file final11.pdb (PDB, C-alpha atoms, pLDDT in the B column)
ATOM      1  CA  MET A   1      89.387  40.613 150.539  1.00 69.00           C
ATOM      2  CA  PRO A   2      87.049  37.624 150.951  1.00 74.00           C
ATOM      3  CA  SER A   3      88.141  34.362 149.425  1.00 81.00           C
ATOM      4  CA  PRO A   4      86.004  32.738 146.722  1.00 84.00           C
ATOM      5  CA  ALA A   5      85.383  29.845 149.111  1.00 86.00           C
ATOM      6  CA  ASP A   6      83.968  32.236 151.728  1.00 86.00           C
ATOM      7  CA  VAL A   7      81.672  33.869 149.188  1.00 89.00           C
ATOM      8  CA  ILE A   8      80.403  30.495 147.967  1.00 93.00           C
ATOM      9  CA  LEU A   9      79.803  29.242 151.515  1.00 94.00           C
ATOM     10  CA  VAL A  10      77.958  32.420 152.509  1.00 93.00           C
ATOM     11  CA  ALA A  11      75.833  32.319 149.374  1.00 95.00           C
ATOM     12  CA  LEU A  12      74.964  28.646 149.839  1.00 96.00           C
ATOM     13  CA  ALA A  13      74.108  29.055 153.527  1.00 96.00           C
ATOM     14  CA  ALA A  14      71.997  32.138 152.798  1.00 96.00           C
ATOM     15  CA  TYR A  15      70.182  30.383 149.956  1.00 97.00           C
ATOM     16  CA  LEU A  16      69.324  27.406 152.166  1.00 97.00           C
ATOM     17  CA  LEU A  17      68.131  29.721 154.925  1.00 96.00           C
ATOM     18  CA  GLY A  18      66.042  31.696 152.453  1.00 96.00           C
ATOM     19  CA  SER A  19      64.626  28.444 151.127  1.00 97.00           C
ATOM     20  CA  ILE A  20      62.862  27.640 154.399  1.00 96.00           C
ATOM     21  CA  PRO A  21      59.226  28.032 153.258  1.00 95.00           C
ATOM     22  CA  PHE A  22      57.795  29.697 156.346  1.00 96.00           C
ATOM     23  CA  SER A  23      54.672  30.926 154.544  1.00 96.00           C
ATOM     24  CA  PHE A  24      53.962  27.396 153.368  1.00 95.00           C
ATOM     25  CA  LEU A  25      54.616  25.948 156.826  1.00 96.00           C
ATOM     26  CA  VAL A  26      52.493  28.504 158.673  1.00 96.00           C
ATOM     27  CA  ALA A  27      49.552  28.046 156.301  1.00 95.00           C
ATOM     28  CA  ARG A  28      49.952  24.281 156.467  1.00 95.00           C
ATOM     29  CA  HIS A  29      49.627  24.489 160.246  1.00 94.00           C
ATOM     30  CA  TYR A  30      46.194  26.006 159.654  1.00 93.00           C
ATOM     31  CA  GLY A  31      45.225  23.330 157.145  1.00 94.00           C
ATOM     32  CA  VAL A  32      45.869  25.402 154.016  1.00 95.00           C
ATOM     33  CA  ASP A  33      48.217  24.592 151.139  1.00 95.00           C
ATOM     34  CA  VAL A  34      49.022  28.009 149.681  1.00 92.00           C
ATOM     35  CA  ARG A  35      50.349  26.400 146.514  1.00 92.00           C
ATOM     36  CA  THR A  36      46.807  25.445 145.562  1.00 92.00           C
ATOM     37  CA  ALA A  37      44.735  28.012 147.484  1.00 92.00           C
ATOM     38  CA  GLY A  38      44.051  31.636 146.644  1.00 86.00           C
ATOM     39  CA  SER A  39      46.592  33.025 144.211  1.00 83.00           C
ATOM     40  CA  GLY A  40      48.846  29.971 144.575  1.00 87.00           C
ATOM     41  CA  ASN A  41      51.726  32.161 145.714  1.00 90.00           C
ATOM     42  CA  VAL A  42      53.873  30.913 148.604  1.00 92.00           C
ATOM     43  CA  GLY A  43      53.975  34.244 150.368  1.00 91.00           C
ATOM     44  CA  ALA A  44      52.593  36.091 153.371  1.00 92.00           C
ATOM     45  CA  THR A  45      49.864  37.908 151.423  1.00 91.00           C
ATOM     46  CA  ASN A  46      48.388  34.652 150.196  1.00 92.00           C
ATOM     47  CA  VAL A  47      48.650  33.202 153.707  1.00 95.00           C
ATOM     48  CA  MET A  48      46.709  36.191 155.020  1.00 92.00           C
ATOM     49  CA  ARG A  49      44.018  35.779 152.368  1.00 90.00           C
ATOM     50  CA  THR A  50      43.611  32.040 152.734  1.00 92.00           C
ATOM     51  CA  ALA A  51      44.513  31.238 156.354  1.00 93.00           C
ATOM     52  CA  GLY A  52      43.778  34.497 158.152  1.00 92.00           C
ATOM     53  CA  ARG A  53      45.317  37.766 159.261  1.00 92.00           C
ATOM     54  CA  ILE A  54      47.327  36.423 162.201  1.00 95.00           C
ATOM     55  CA  PRO A  55      48.906  33.568 160.201  1.00 95.00           C
ATOM     56  CA  GLY A  56      49.696  36.100 157.474  1.00 94.00           C
ATOM     57  CA  VAL A  57      51.471  38.415 159.899  1.00 96.00           C
ATOM     58  CA  VAL A  58      53.398  35.494 161.402  1.00 96.00           C
ATOM     59  CA  ALA A  59      54.436  34.355 157.911  1.00 96.00           C
ATOM     60  CA  PHE A  60      55.574  37.886 157.020  1.00 96.00           C
ATOM     61  CA  LEU A  61      57.668  38.197 160.188  1.00 97.00           C
ATOM     62  CA  LEU A  62      59.282  34.799 159.683  1.00 97.00           C
ATOM     63  CA  ASP A  63      60.013  35.442 156.004  1.00 97.00           C
ATOM     64  CA  SER A  64      61.493  38.828 156.920  1.00 96.00           C
ATOM     65  CA  GLY A  65      63.423  37.302 159.786  1.00 96.00           C
ATOM     66  CA  LYS A  66      65.248  34.803 157.617  1.00 97.00           C
ATOM     67  CA  GLY A  67      66.480  37.709 155.497  1.00 95.00           C
ATOM     68  CA  VAL A  68      67.704  39.520 158.610  1.00 96.00           C
ATOM     69  CA  LEU A  69      69.406  36.356 159.850  1.00 96.00           C
ATOM     70  CA  ALA A  70      71.181  35.743 156.542  1.00 96.00           C
ATOM     71  CA  VAL A  71      72.821  39.171 156.624  1.00 96.00           C
ATOM     72  CA  LEU A  72      73.532  39.014 160.363  1.00 95.00           C
ATOM     73  CA  ALA A  73      75.223  35.635 159.946  1.00 93.00           C
ATOM     74  CA  ALA A  74      77.493  36.974 157.208  1.00 93.00           C
ATOM     75  CA  ARG A  75      78.242  40.043 159.328  1.00 91.00           C
ATOM     76  CA  ALA A  76      78.975  37.967 162.430  1.00 89.00           C
ATOM     77  CA  TRP A  77      81.348  35.840 160.367  1.00 85.00           C
ATOM     78  CA  GLY A  78      83.293  39.024 159.727  1.00 80.00           C
ATOM     79  CA  GLN A  79      82.436  39.291 156.065  1.00 81.00           C
ATOM     80  CA  ALA A  80      82.669  42.579 154.179  1.00 91.00           C
ATOM     81  CA  VAL A  81      79.588  44.456 153.054  1.00 94.00           C
ATOM     82  CA  ALA A  82      79.987  43.027 149.547  1.00 93.00           C
ATOM     83  CA  VAL A  83      79.617  39.494 150.900  1.00 94.00           C
ATOM     84  CA  GLN A  84      76.694  40.593 153.067  1.00 95.00           C
ATOM     85  CA  ALA A  85      75.043  41.859 149.877  1.00 96.00           C
ATOM     86  CA  VAL A  86      75.681  38.471 148.268  1.00 96.00           C
ATOM     87  CA  ALA A  87      74.030  36.838 151.291  1.00 96.00           C
ATOM     88  CA  ALA A  88      71.014  39.115 150.873  1.00 97.00           C
ATOM     89  CA  VAL A  89      70.520  38.237 147.209  1.00 97.00           C
ATOM     90  CA  ALA A  90      71.102  34.534 147.876  1.00 97.00           C
ATOM     91  CA  ALA A  91      68.527  34.492 150.685  1.00 97.00           C
ATOM     92  CA  ILE A  92      65.971  36.173 148.440  1.00 97.00           C
ATOM     93  CA  LEU A  93      66.702  33.705 145.634  1.00 97.00           C
ATOM     94  CA  GLY A  94      66.159  30.938 148.160  1.00 97.00           C
ATOM     95  CA  HIS A  95      62.767  32.386 149.000  1.00 97.00           C
ATOM     96  CA  LEU A  96      61.859  32.769 145.329  1.00 96.00           C
ATOM     97  CA  TYR A  97      63.088  29.329 144.294  1.00 96.00           C
ATOM     98  CA  PRO A  98      63.173  27.102 147.406  1.00 95.00           C
ATOM     99  CA  ILE A  99      64.765  23.707 146.967  1.00 94.00           C
ATOM    100  CA  TRP A 100      62.300  22.234 149.471  1.00 92.00           C
ATOM    101  CA  LEU A 101      59.270  23.142 147.312  1.00 93.00           C
ATOM    102  CA  LYS A 102      60.829  22.354 143.922  1.00 89.00           C
ATOM    103  CA  GLY A 103      61.370  26.021 143.161  1.00 90.00           C
ATOM    104  CA  GLN A 104      57.820  27.156 143.893  1.00 91.00           C
ATOM    105  CA  GLY A 105      58.385  30.086 146.236  1.00 93.00           C
ATOM    106  CA  GLY A 106      57.121  33.550 147.009  1.00 93.00           C
ATOM    107  CA  LYS A 107      57.876  36.914 145.464  1.00 94.00           C
ATOM    108  CA  GLY A 108      60.647  38.105 147.738  1.00 94.00           C
ATOM    109  CA  VAL A 109      59.111  41.188 149.294  1.00 95.00           C
ATOM    110  CA  ALA A 110      59.191  40.207 152.977  1.00 95.00           C
ATOM    111  CA  THR A 111      62.621  38.562 152.753  1.00 96.00           C
ATOM    112  CA  GLY A 112      63.932  41.522 150.772  1.00 95.00           C
ATOM    113  CA  ALA A 113      62.691  43.947 153.402  1.00 95.00           C
ATOM    114  CA  GLY A 114      64.466  41.948 156.083  1.00 96.00           C
ATOM    115  CA  THR A 115      67.819  41.818 154.322  1.00 96.00           C
ATOM    116  CA  PHE A 116      67.923  45.477 153.316  1.00 97.00           C
ATOM    117  CA  LEU A 117      66.696  46.688 156.681  1.00 95.00           C
ATOM    118  CA  LEU A 118      70.256  45.917 157.774  1.00 95.00           C
ATOM    119  CA  LEU A 119      72.140  46.819 154.598  1.00 96.00           C
ATOM    120  CA  ALA A 120      70.304  50.062 153.791  1.00 97.00           C
ATOM    121  CA  PRO A 121      68.083  51.048 156.736  1.00 96.00           C
ATOM    122  CA  PHE A 122      66.927  54.485 155.563  1.00 97.00           C
ATOM    123  CA  PRO A 123      66.121  53.526 151.946  1.00 97.00           C
ATOM    124  CA  THR A 124      64.272  50.473 153.256  1.00 97.00           C
ATOM    125  CA  ALA A 125      62.261  52.547 155.731  1.00 97.00           C
ATOM    126  CA  VAL A 126      61.281  54.978 152.971  1.00 97.00           C
ATOM    127  CA  ALA A 127      60.443  52.050 150.666  1.00 97.00           C
ATOM    128  CA  LEU A 128      58.170  50.564 153.330  1.00 96.00           C
ATOM    129  CA  GLY A 129      56.469  53.940 153.581  1.00 97.00           C
ATOM    130  CA  ALA A 130      56.041  54.017 149.805  1.00 97.00           C
ATOM    131  CA  PHE A 131      54.606  50.508 149.976  1.00 96.00           C
ATOM    132  CA  ALA A 132      52.076  51.558 152.616  1.00 96.00           C
ATOM    133  CA  VAL A 133      51.008  54.723 150.786  1.00 97.00           C
ATOM    134  CA  THR A 134      50.669  52.908 147.461  1.00 96.00           C
ATOM    135  CA  LEU A 135      48.707  50.076 149.048  1.00 94.00           C
ATOM    136  CA  ALA A 136      46.329  52.499 150.757  1.00 94.00           C
ATOM    137  CA  THR A 137      45.832  54.312 147.454  1.00 94.00           C
ATOM    138  CA  VAL A 138      45.391  51.525 144.899  1.00 92.00           C
ATOM    139  CA  ARG A 139      44.713  48.489 147.144  1.00 91.00           C
ATOM    140  CA  TYR A 140      46.919  46.268 145.009  1.00 92.00           C
ATOM    141  CA  VAL A 141      49.599  44.497 147.065  1.00 92.00           C
ATOM    142  CA  SER A 142      51.464  43.715 143.848  1.00 93.00           C
ATOM    143  CA  VAL A 143      51.692  47.367 142.791  1.00 95.00           C
ATOM    144  CA  ALA A 144      52.720  48.424 146.293  1.00 95.00           C
ATOM    145  CA  SER A 145      55.396  45.713 146.372  1.00 96.00           C
ATOM    146  CA  MET A 146      56.895  46.740 143.045  1.00 97.00           C
ATOM    147  CA  THR A 147      56.781  50.418 144.027  1.00 97.00           C
ATOM    148  CA  GLY A 148      58.569  49.747 147.300  1.00 97.00           C
ATOM    149  CA  ALA A 149      61.261  47.661 145.608  1.00 97.00           C
ATOM    150  CA  VAL A 150      61.965  50.287 142.957  1.00 97.00           C
ATOM    151  CA  VAL A 151      62.013  53.117 145.522  1.00 97.00           C
ATOM    152  CA  MET A 152      64.498  51.204 147.663  1.00 97.00           C
ATOM    153  CA  ALA A 153      66.784  50.475 144.722  1.00 97.00           C
ATOM    154  CA  ALA A 154      66.665  54.096 143.544  1.00 97.00           C
ATOM    155  CA  LEU A 155      67.424  55.479 147.002  1.00 97.00           C
ATOM    156  CA  THR A 156      70.402  53.189 147.586  1.00 97.00           C
ATOM    157  CA  LEU A 157      71.873  54.673 144.411  1.00 95.00           C
ATOM    158  CA  VAL A 158      70.913  58.298 145.005  1.00 95.00           C
ATOM    159  CA  LEU A 159      71.939  58.347 148.669  1.00 94.00           C
ATOM    160  CA  GLY A 160      75.318  56.775 148.043  1.00 91.00           C
ATOM    161  CA  SER A 161      74.954  53.368 149.644  1.00 93.00           C
ATOM    162  CA  PRO A 162      77.995  51.107 149.180  1.00 95.00           C
ATOM    163  CA  ARG A 163      78.166  50.021 145.573  1.00 95.00           C
ATOM    164  CA  PRO A 164      77.612  46.301 146.293  1.00 95.00           C
ATOM    165  CA  VAL A 165      74.459  47.199 148.256  1.00 97.00           C
ATOM    166  CA  ALA A 166      73.168  49.382 145.423  1.00 97.00           C
ATOM    167  CA  TRP A 167      73.818  46.625 142.883  1.00 97.00           C
ATOM    168  CA  ALA A 168      72.124  44.074 145.109  1.00 97.00           C
ATOM    169  CA  ALA A 169      69.127  46.378 145.597  1.00 97.00           C
ATOM    170  CA  ALA A 170      68.814  46.859 141.839  1.00 97.00           C
ATOM    171  CA  ALA A 171      68.995  43.106 141.248  1.00 97.00           C
ATOM    172  CA  VAL A 172      66.393  42.405 143.921  1.00 97.00           C
ATOM    173  CA  ALA A 173      64.065  45.109 142.596  1.00 97.00           C
ATOM    174  CA  ALA A 174      64.323  43.573 139.125  1.00 97.00           C
ATOM    175  CA  LEU A 175      63.574  40.115 140.548  1.00 96.00           C
ATOM    176  CA  ILE A 176      60.552  41.378 142.479  1.00 96.00           C
ATOM    177  CA  VAL A 177      59.137  43.158 139.433  1.00 97.00           C
ATOM    178  CA  TRP A 178      59.760  40.033 137.322  1.00 96.00           C
ATOM    179  CA  ARG A 179      58.003  37.829 139.848  1.00 94.00           C
ATOM    180  CA  HIS A 180      54.982  40.136 139.703  1.00 95.00           C
ATOM    181  CA  ARG A 181      54.664  40.030 135.929  1.00 93.00           C
ATOM    182  CA  GLY A 182      51.597  37.798 136.218  1.00 91.00           C
ATOM    183  CA  ASN A 183      49.977  40.345 138.507  1.00 91.00           C
ATOM    184  CA  VAL A 184      50.663  43.073 135.976  1.00 93.00           C
ATOM    185  CA  ARG A 185      48.854  41.047 133.320  1.00 93.00           C
ATOM    186  CA  LEU A 186      45.895  40.583 135.669  1.00 91.00           C
ATOM    187  CA  ILE A 187      45.775  44.305 136.404  1.00 92.00           C
ATOM    188  CA  LEU A 188      45.722  45.084 132.702  1.00 91.00           C
ATOM    189  CA  LYS A 189      42.833  42.628 132.305  1.00 90.00           C
ATOM    190  CA  GLY A 190      41.043  44.087 135.317  1.00 86.00           C
ATOM    191  CA  SER A 191      41.049  40.800 137.239  1.00 82.00           C
ATOM    192  CA  GLU A 192      43.764  41.369 139.851  1.00 82.00           C
ATOM    193  CA  ASN A 193      42.662  40.910 143.473  1.00 78.00           C
ATOM    194  CA  ARG A 194      42.485  44.047 145.595  1.00 82.00           C
ATOM    195  CA  LEU A 195      43.368  43.916 149.260  1.00 73.00           C
ATOM    196  CA  GLY A 196      40.385  42.964 151.393  1.00 61.00           C
ATOM    197  CA  ARG A 197      38.517  41.115 148.666  1.00 58.00           C
ATOM    198  CA  LYS A 198      38.101  37.362 148.440  1.00 52.00           C
ATOM    199  CA  PRO A 199      40.825  35.992 146.134  1.00 46.00           C
ATOM    200  CA  ARG A 200      40.002  34.356 142.832  1.00 48.00           C
ATOM    201  CA  GLU A 201      41.190  30.809 142.607  1.00 41.00           C
ATOM    202  CA  SER A 202      44.084  30.403 140.169  1.00 36.00           C
TER
END

call {"tool": "encode", "arguments": {"input": "final11.pdb", "output": "structure tokens"}}
result
Amino acid sequence: MPSPADVILVALAAYLLGSIPFSFLVARHYGVDVRTAGSGNVGATNVMRTAGRIPGVVAFLLDSGKGVLAVLAARAWGQAVAVQAVAAVAAILGHLYPIWLKGQGGKGVATGAGTFLLLAPFPTAVALGAFAVTLATVRYVSVASMTGAVVMAALTLVLGSPRPVAWAAAAVAALIVWRHRGNVRLILKGSENRLGRKPRES
């Protein structure tokens, strides 16, 4: 049974790790401030649209990697799966609301994929497949992201993942959908950017 102090320390460390704004830093290296360019989102998709494909891929890998590292660190510390799930959610919250950028973060997709790749490998793999199929079909990264998050959360429940992992997946899916609410409004207005098109300035 983990102590409250252990849980708090894991959550704080994971949040700070998740707060490292890799997408911002990568784009900045290429002379782009993603907070004011493209969609204004501090995430890999906006890096790809505003700084280029290679910077976007690098940003995605780094944002995913910090999620992997947060869970691995909790695991290496000998923490139970429940505390690893706490680390996952905390890392994603750090990405969404980074202290270093005054809370202006990304939407949690890459970091979420990294954390749950360890906690729920099969549901995450299927969710990534659902993301890819949805993206190829509708060309909206936002719709593909929400679809992947919901599929992952549903599969962790249906396939009997440990209860803390299923709860964490549900919470993360809800956060990702919430963070995309602006995109949903744009889709309904017909002004959401499709993949491959020049982004509208926000």

call {"tool": "atom_distance", "arguments": {"input": "final11.pdb", "atom1": "atom CA of A:Gln84", "atom2": "atom CA of A:Val71"}}
result
5.4 Å

call {"tool": "resolve_selection", "arguments": {"input": "final11.pdb", "expression": "the PyMOL selection byres ((chain A and resi 66) around 9)", "output": "PDB file with C-alpha atoms, in the frame of the given file"}}
result
ATOM      1  CA  ALA A  14      71.997  32.138 152.798  1.00 96.00           C
ATOM      2  CA  LEU A  17      68.131  29.721 154.925  1.00 96.00           C
ATOM      3  CA  GLY A  18      66.042  31.696 152.453  1.00 96.00           C
ATOM      4  CA  ILE A  20      62.862  27.640 154.399  1.00 96.00           C
ATOM      5  CA  LEU A  61      57.668  38.197 160.188  1.00 97.00           C
ATOM      6  CA  LEU A  62      59.282  34.799 159.683  1.00 97.00           C
ATOM      7  CA  ASP A  63      60.013  35.442 156.004  1.00 97.00           C
ATOM      8  CA  SER A  64      61.493  38.828 156.920  1.00 96.00           C
ATOM      9  CA  GLY A  65      63.423  37.302 159.786  1.00 96.00           C
ATOM     10  CA  GLY A  67      66.480  37.709 155.497  1.00 95.00           C
ATOM     11  CA  VAL A  68      67.704  39.520 158.610  1.00 96.00           C
ATOM     12  CA  LEU A  69      69.406  36.356 159.850  1.00 96.00           C
ATOM     13  CA  ALA A  70      71.181  35.743 156.542  1.00 96.00           C
ATOM     14  CA  VAL A  71      72.821  39.171 156.624  1.00 96.00           C
ATOM     15  CA  ALA A  91      68.527  34.492 150.685  1.00 97.00           C
ATOM     16  CA  THR A 111      62.621  38.562 152.753  1.00 96.00           C
ATOM     17  CA  GLY A 114      64.466  41.948 156.083  1.00 96.00           C
ATOM     18  CA  THR A 115      67.819  41.818 154.322  1.00 96.00           C
TER      19      THR A 115
END

call {"tool": "closest_residue", "arguments": {"input": "final11.pdb", "among": "A:Val184, A:Val126, A:Ala51, A:Val143", "to": "A:Leu155", "atoms": "only C-alpha atoms"}}
result
A:Val126

call {"tool": "axis_aligned_box", "arguments": {"input": "final11.pdb", "around": "stretch 133-143 of chain A", "padding_each_side": "3 Å", "output": "AutoDock Vina command-line options"}}
result
--center_x 48.2 --center_y 49.2 --center_z 146.8 --size_x 13.0 --size_y 17.0 --size_z 14.0

call {"tool": "residues_around", "arguments": {"input": "final11.pdb", "residues": "A:Ala169", "least_positions_apart": "4", "cutoff": "8 Å", "atoms": "all atoms listed in the file", "output": "JSON, numbers by chain"}}
result
{"A": [116, 149, 152, 153, 156, 165, 173]}

call {"tool": "atom_distance", "arguments": {"input": "final11.pdb", "atom1": "atom CA of A:Asn46", "atom2": "atom CA of A:Ala85"}}
result
27.6 Å

call {"tool": "closest_residue", "arguments": {"input": "final11.pdb", "among": "A:Ala113, A:Leu118, A:Leu72, A:Leu186", "to": "A:Gly148", "atoms": "only C-alpha atoms"}}
result
A:Ala113

call {"tool": "resolve_selection", "arguments": {"input": "final11.pdb", "expression": "the PyMOL selection byres ((chain A and resi 40) around 12)", "output": "mmCIF file with C-alpha atoms, keeping the file's coordinate frame"}}
result
data_model
loop_
_atom_site.group_PDB
_atom_site.id
_atom_site.type_symbol
_atom_site.label_atom_id
_atom_site.label_comp_id
_atom_site.auth_asym_id
_atom_site.auth_seq_id
_atom_site.Cartn_x
_atom_site.Cartn_y
_atom_site.Cartn_z
ATOM 1 C CA SER A 23 54.672 30.926 154.544
ATOM 2 C CA PHE A 24 53.962 27.396 153.368
ATOM 3 C CA ALA A 27 49.552 28.046 156.301
ATOM 4 C CA VAL A 32 45.869 25.402 154.016
ATOM 5 C CA ASP A 33 48.217 24.592 151.139
ATOM 6 C CA VAL A 34 49.022 28.009 149.681
ATOM 7 C CA ARG A 35 50.349 26.400 146.514
ATOM 8 C CA THR A 36 46.807 25.445 145.562
ATOM 9 C CA ALA A 37 44.735 28.012 147.484
ATOM 10 C CA GLY A 38 44.051 31.636 146.644
ATOM 11 C CA SER A 39 46.592 33.025 144.211
ATOM 12 C CA ASN A 41 51.726 32.161 145.714
ATOM 13 C CA VAL A 42 53.873 30.913 148.604
ATOM 14 C CA GLY A 43 53.975 34.244 150.368
ATOM 15 C CA ALA A 44 52.593 36.091 153.371
ATOM 16 C CA THR A 45 49.864 37.908 151.423
ATOM 17 C CA ASN A 46 48.388 34.652 150.196
ATOM 18 C CA VAL A 47 48.650 33.202 153.707
ATOM 19 C CA ARG A 49 44.018 35.779 152.368
ATOM 20 C CA THR A 50 43.611 32.040 152.734
ATOM 21 C CA GLN A 104 57.820 27.156 143.893
ATOM 22 C CA GLY A 105 58.385 30.086 146.236
ATOM 23 C CA GLY A 106 57.121 33.550 147.009
ATOM 24 C CA LYS A 107 57.876 36.914 145.464
ATOM 25 C CA GLY A 182 51.597 37.798 136.218
ATOM 26 C CA PRO A 199 40.825 35.992 146.134
ATOM 27 C CA ARG A 200 40.002 34.356 142.832
ATOM 28 C CA GLU A 201 41.190 30.809 142.607
ATOM 29 C CA SER A 202 44.084 30.403 140.169
#

call {"tool": "atom_distance", "arguments": {"input": "final11.pdb", "atom1": "atom CA of A:Pro123", "atom2": "atom CA of A:Glu192"}}
result
28.2 Å

call {"tool": "residues_around", "arguments": {"input": "final11.pdb", "residues": "A:Pro162", "least_positions_apart": "4", "cutoff": "10 Å", "atoms": "only C-alpha atoms", "output": "ChimeraX atom specification"}}
result
/A:81-82,85,119-120,156-157,166-167

call {"tool": "closest_residue", "arguments": {"input": "final11.pdb", "among": "A:Pro21, A:Gly94, A:Pro4, A:Gly129", "to": "A:Gln79", "atoms": "all atoms listed in the file"}}
result
A:Pro4

call {"tool": "resolve_selection", "arguments": {"input": "final11.pdb", "expression": "the PyMOL selection byres ((chain A and resi 194) around 6)", "output": "count of residues only"}}
result
5

call {"tool": "decode", "arguments": {"input": "final11.pdb", "residues": "stretch 161-192 of chain A", "atoms": "C-alpha atoms", "output": "mmCIF file, in the first residue's frame"}}
result
data_model
loop_
_atom_site.group_PDB
_atom_site.id
_atom_site.type_symbol
_atom_site.label_atom_id
_atom_site.label_comp_id
_atom_site.auth_asym_id
_atom_site.auth_seq_id
_atom_site.Cartn_x
_atom_site.Cartn_y
_atom_site.Cartn_z
ATOM 1 C CA SER A 161 -7.362 -3.571 -17.459
ATOM 2 C CA PRO A 162 -6.587 -2.893 -13.783
ATOM 3 C CA ARG A 163 -9.246 -0.617 -12.377
ATOM 4 C CA PRO A 164 -6.878 2.310 -11.679
ATOM 5 C CA VAL A 165 -5.694 2.158 -15.308
ATOM 6 C CA ALA A 166 -9.270 2.132 -16.603
ATOM 7 C CA TRP A 167 -10.182 5.100 -14.404
ATOM 8 C CA ALA A 168 -7.083 6.969 -15.516
ATOM 9 C CA ALA A 169 -7.855 6.227 -19.174
ATOM 10 C CA ALA A 170 -11.405 7.519 -18.744
ATOM 11 C CA ALA A 171 -10.148 10.690 -17.062
ATOM 12 C CA VAL A 172 -7.563 11.289 -19.776
ATOM 13 C CA ALA A 173 -10.096 10.679 -22.551
ATOM 14 C CA ALA A 174 -12.418 13.222 -20.934
ATOM 15 C CA LEU A 175 -9.563 15.735 -20.673
ATOM 16 C CA ILE A 176 -8.574 15.246 -24.311
ATOM 17 C CA VAL A 177 -12.152 15.685 -25.519
ATOM 18 C CA TRP A 178 -12.513 18.784 -23.310
ATOM 19 C CA ARG A 179 -9.316 20.279 -24.677
ATOM 20 C CA HIS A 180 -10.649 19.805 -28.208
ATOM 21 C CA ARG A 181 -13.936 21.576 -27.563
ATOM 22 C CA GLY A 182 -12.746 24.582 -29.570
ATOM 23 C CA ASN A 183 -11.994 22.307 -32.504
ATOM 24 C CA VAL A 184 -15.484 20.860 -32.292
ATOM 25 C CA ARG A 185 -16.938 24.361 -32.546
ATOM 26 C CA LEU A 186 -14.764 25.057 -35.592
ATOM 27 C CA ILE A 187 -15.878 21.826 -37.243
ATOM 28 C CA LEU A 188 -19.508 22.742 -36.701
ATOM 29 C CA LYS A 189 -18.810 26.131 -38.304
ATOM 30 C CA GLY A 190 -16.914 24.505 -41.161
ATOM 31 C CA SER A 191 -13.670 26.349 -40.402
ATOM 32 C CA GLU A 192 -11.533 23.641 -38.786
#
